[in-house]
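J.: The structure that follows is given in the form of C-alpha cells.
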Amino acid sequence: SWPEPVVRVQSLSESGIRAIPDRYIKPPSDRPGFENQEHVDIPVVDLKNLFSHDHTLHEETLKLISSACKEWGFFQAVNHGISHELMKCTREVWREFFNLPLEVKQEYANAPTTYEGYGSRLGVQKGAILDWSDYFFLHYLPVYLRNPSKWPSLPSSCRDLISEYGAEVVKLCGRLLKAMSISLGLKEDYLQNAFGGEDIGACLRVNFYPKCPQPDLTLGLSSHSDPGGMTLLLPDHDIAGLQVRKNGKWITVKPVPNAFIVNVGDQIQVMSNAIYKSVEHRVIVNPVKDRVSLAFFYNPKSDLPIEPAKELVSEDRPALYSPMTFDEYRLYIRTYGPRGKTQVEFSGSNR
Ligand code: OGA
Ligand code: NI
C-alpha cells in the first residue's frame, strides 16, 4: 500500500488553509513562474476532412497532424465526431462525483498495486513532494480488466456515461492511429496492429485539481510525458491549467470549446523511432477555481514488446530504442511518480 497516510487534496483545500503544507511545495526551479505568456498555442486540427474522399483535403489534414506530432507532440482536435453533449455530461458527472462527501469517495480508495480507484498520489517514494490533485483511475480495455463495480455508482448515470464515452473515444483513437500511421509512411493499420490489434489497453484518469491558496508554489501535476500510446484529454471548459513544453518554455494551452487535446505518448515515440515526439507537460493550479479533466489513455497491449517500426529504421537513422513491454515500462512512473521525460530518454540510452 501507500508509504504514508493518504491526504485528500480536496479536503486540504476545503479546510480553508491559507498556506499549503510543505509536502506540496516544489523546488523553485519547478514552480510555475507565471511569466508573460508567449502568443503561441498548440496547433488546432480540424478532423472534418480526415477521411474525406477528396484527396487534397485528406492529405492536408494528414500533414497538419504529422507536423503537430513532430513539432509539438500535441494538438487540439475539432470536428472529431464525438457528441459535445456527451463530452459535457461525462465531465459534469465526474465533477459531481468529486463533490460527493468524502466517505462516498473513500469506498473507492486505491492502492499502488493497480492504481484503480480514487487516489491522491502517483509514485510510492516515501517523503516525495506531492502534486496538488486527486484523481480517479479506471480500466476500460481490455474487457477482462474492465470492472464497472469499481467505477463510481454515484452519480447514478456515471457508469453508463463512462461506457458510452469510452466507446466513442476508442473509435476516435482508432481513426487517429490510422492517420498517424499513414502520415509516418506506414500501412494504415501498422500502429493499431503494433498496439495489439483488437487487444489494446485503454484507461481513464479523471483529474481533480482543487483550488489552491498558493498556486505559485506548487503544481497540479508535475512535468511528465505520458507513458502510453496516445492520450485524448477533455479539459475543463472555462479554465486553463495544462502547460506544454516547447523550446524549453512552458506554453499554457487555451482550450478550444468542445475540442479534445490529443498528445503523443512514449510508446508512439518509440514506434515512430522518435519522428513523433512525446512531449513533457504539466498542470498549474488556480486560487479561485477547481478544475476537472479527463485523460483517456490508449495503450498497447501490455505484454507486447514495443520497438521502432522496421520501416523507420535505416543506417542513417538507427533504432533508438530496444524492445520493451508497456508493463515493464510503466513500472517507472508508478514507482517514482511523474519526473519529466527522464524515462524514455533513459530507456533510449540504456535499453
Ligand atoms: C495526465 C495529464 C493534463 C490535465 O493526466 O496525464 O497530463 O490537464 N493531464 O489534466
Ligand atoms: Ni499527461
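Letters A, B, ... go to the chains of the C-alpha cells in the order shown; residues in each chain start at 1; ligands are counted from 1 in the same order.
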Would you tabulate, counting only C-alpha atoms and all ligand atoms, all residues of chain A that have an atom at most 10 Å from an atom of ligand 2, showing the closest pair of atoms and their distance in Å to one decimal, sorted by chain then ascending number, as a tab-separated table?
T.:
residue	atom	partner	partner_atom_place_in_ligand_line	distance
A:Arg205	CA	ligand 2	1 (Ni)	9.6
A:Leu221	CA	ligand 2	1 (Ni)	8.2
A:Ser222	CA	ligand 2	1 (Ni)	9.2
A:Ser223	CA	ligand 2	1 (Ni)	8.2
A:His224	CA	ligand 2	1 (Ni)	6.3
A:Ser225	CA	ligand 2	1 (Ni)	5.8
A:Asp226	CA	ligand 2	1 (Ni)	4.8
A:Pro227	CA	ligand 2	1 (Ni)	8.3
A:Gly228	CA	ligand 2	1 (Ni)	9.6
A:Met230	CA	ligand 2	1 (Ni)	9.8
A:Thr231	CA	ligand 2	1 (Ni)	7.5
A:Leu232	CA	ligand 2	1 (Ni)	9.6
A:Leu233	CA	ligand 2	1 (Ni)	8.5
A:Leu242	CA	ligand 2	1 (Ni)	9.0
A:Val244	CA	ligand 2	1 (Ni)	9.8
A:Asn263	CA	ligand 2	1 (Ni)	8.4
A:Val264	CA	ligand 2	1 (Ni)	9.8
A:Gly265	CA	ligand 2	1 (Ni)	8.5
A:Ser278	CA	ligand 2	1 (Ni)	9.9
A:Val279	CA	ligand 2	1 (Ni)	9.2
A:Glu280	CA	ligand 2	1 (Ni)	8.0
A:His281	CA	ligand 2	1 (Ni)	6.4
A:Arg282	CA	ligand 2	1 (Ni)	7.1
A:Val283	CA	ligand 2	1 (Ni)	8.8
A:Ala295	CA	ligand 2	1 (Ni)	7.4
A:Phe296	CA	ligand 2	1 (Ni)	9.7
A:Phe297	CA	ligand 2	1 (Ni)	9.1
A:Pro338	CA	ligand 2	1 (Ni)	9.0
J.: From a backbone DSSP assignment, name each residue in segment 52-228 of chain A labelled helix (DSSP H, G or I), as a PyMOL selection string.
T.: chain A and resi 55-71+84-98+102-106+143-145+148-150+158-183+190-194+197-199
J.: Distance atom CA of Ile239 of chain A-atom CA of Pro210 of chain A, one decimal place?
T.: 12.3 Å
J.: Between A:Val288, A:Leu141, A:Met324, A:Val104, single out the one closest to Glu198 of chain A, counting only C-alpha atoms.
T.: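 Using only C-alpha atoms, Glu198 of chain A sits closest to A:Leu141.
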J.: I'd like to know which of A:Gln269, A:Ser29, A:Ser11, A:Ser156 is closest to Leu102 of chain A, using only C-alpha atoms.
T.: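 Answer, going by the shortest atom-to-atom distance: A:Ser11.
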